[in-house]
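What follows is a single structure, written as structure tokens, with notes after it.
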Amino acid sequence: MMVWIVLLLLAMTWMGTIASVFFKKASAAKGLKAMITNKYLWIGGLIYVGAAILNIIVLRYLDYSVVLPLTSITYIWTMLVSFLVLKEHISIKQIIGVSLIVVGAVLITR
């Protein structure tokens, strides 16, 4: 059972990252009307809703004090996707910062 919960948690964090990529694409829209009617905004929103549903399911089985720190896994996915998909530069400072956040989250959950 615990393996499924961990897989759901990983899926939830991955979905949060993918939704953010769609929001980044939606941010290029000019003006409020263009933003609201932008398909990327809606796709990102739907993915975020899916991630929220997975979050609720995970919270049924794990303590909030465990789940919330583990959502910092999203930072790893975000860094990878921003580098590989969005072609953003990732500095050593960013890598160290994300690493420290993840280490802290792991320590909190133990």
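Ordering of the structure tokens sets the chain letters (A, B, ...); residue numbers start at 1 within each chain; ligands are numbered from 1 in the order shown.
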
task: Find the spatial neighbours of Ala51 of chain A, counting only C-alpha atoms, within a cut-off of 12 Å - ignore same-chain residues fewer than 5 positions away - and output them as a list in words.
output: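 My list of contacting residues is Leu8, Leu9, Leu10, Ala11, Met12, Thr13, Trp14, Met15, Gly16, Thr17, Ile18, Ala19, Ser20, Gly44, Gly45, Leu46, Ile56, Ile57, Val58, Thr71 and Thr74 of chain A.
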
query: Can you list every residue in chain A that DSSP puts in helix (DSSP H, G or I), as number ranges by chain?
result: A: 2-26, 32-36, 39-61, 64-70, 73-84, 92-109

task: Would you work out the distance separating atom CA of Ile92 of chain A from atom CA of Met79 of chain A, expressed in Å to one decimal?
output: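 Separating atom CA of Ile92 of chain A from atom CA of Met79 of chain A is a distance of 11.6 Å.
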
Excluding same-chain residues fewer than 6 positions from Leu100 of chain A, what lies within 12 Å of it counting only C-alpha atoms, as a PDB file with C-alpha atoms, in the first residue's frame?
```pdb
ATOM      1  CA  SER A  72       9.542  19.941  -2.237  1.00  0.00           C
ATOM      2  CA  ILE A  73      10.310  17.174  -4.744  1.00  0.00           C
ATOM      3  CA  TYR A  75      11.595  21.788  -6.999  1.00  0.00           C
ATOM      4  CA  ILE A  76      13.712  18.997  -8.483  1.00  0.00           C
ATOM      5  CA  LYS A  93      23.509  28.376  -6.377  1.00  0.00           C
ATOM      6  CA  GLN A  94      20.117  27.121  -7.545  1.00  0.00           C
ATOM      7  CA  VAL A 106      13.831  14.495   4.140  1.00  0.00           C
ATOM      8  CA  LEU A 107      15.113  15.327   7.628  1.00  0.00           C
TER       9      LEU A 107
END
```

field: Residue nearest Val66 of chain A - candidates A:Ile5, A:Val81, A:Ala105, A:Ala26, atoms counted: only C-alpha atoms
entry: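 Among the listed residues, A:Ala105 lies closest to Val66 of chain A.
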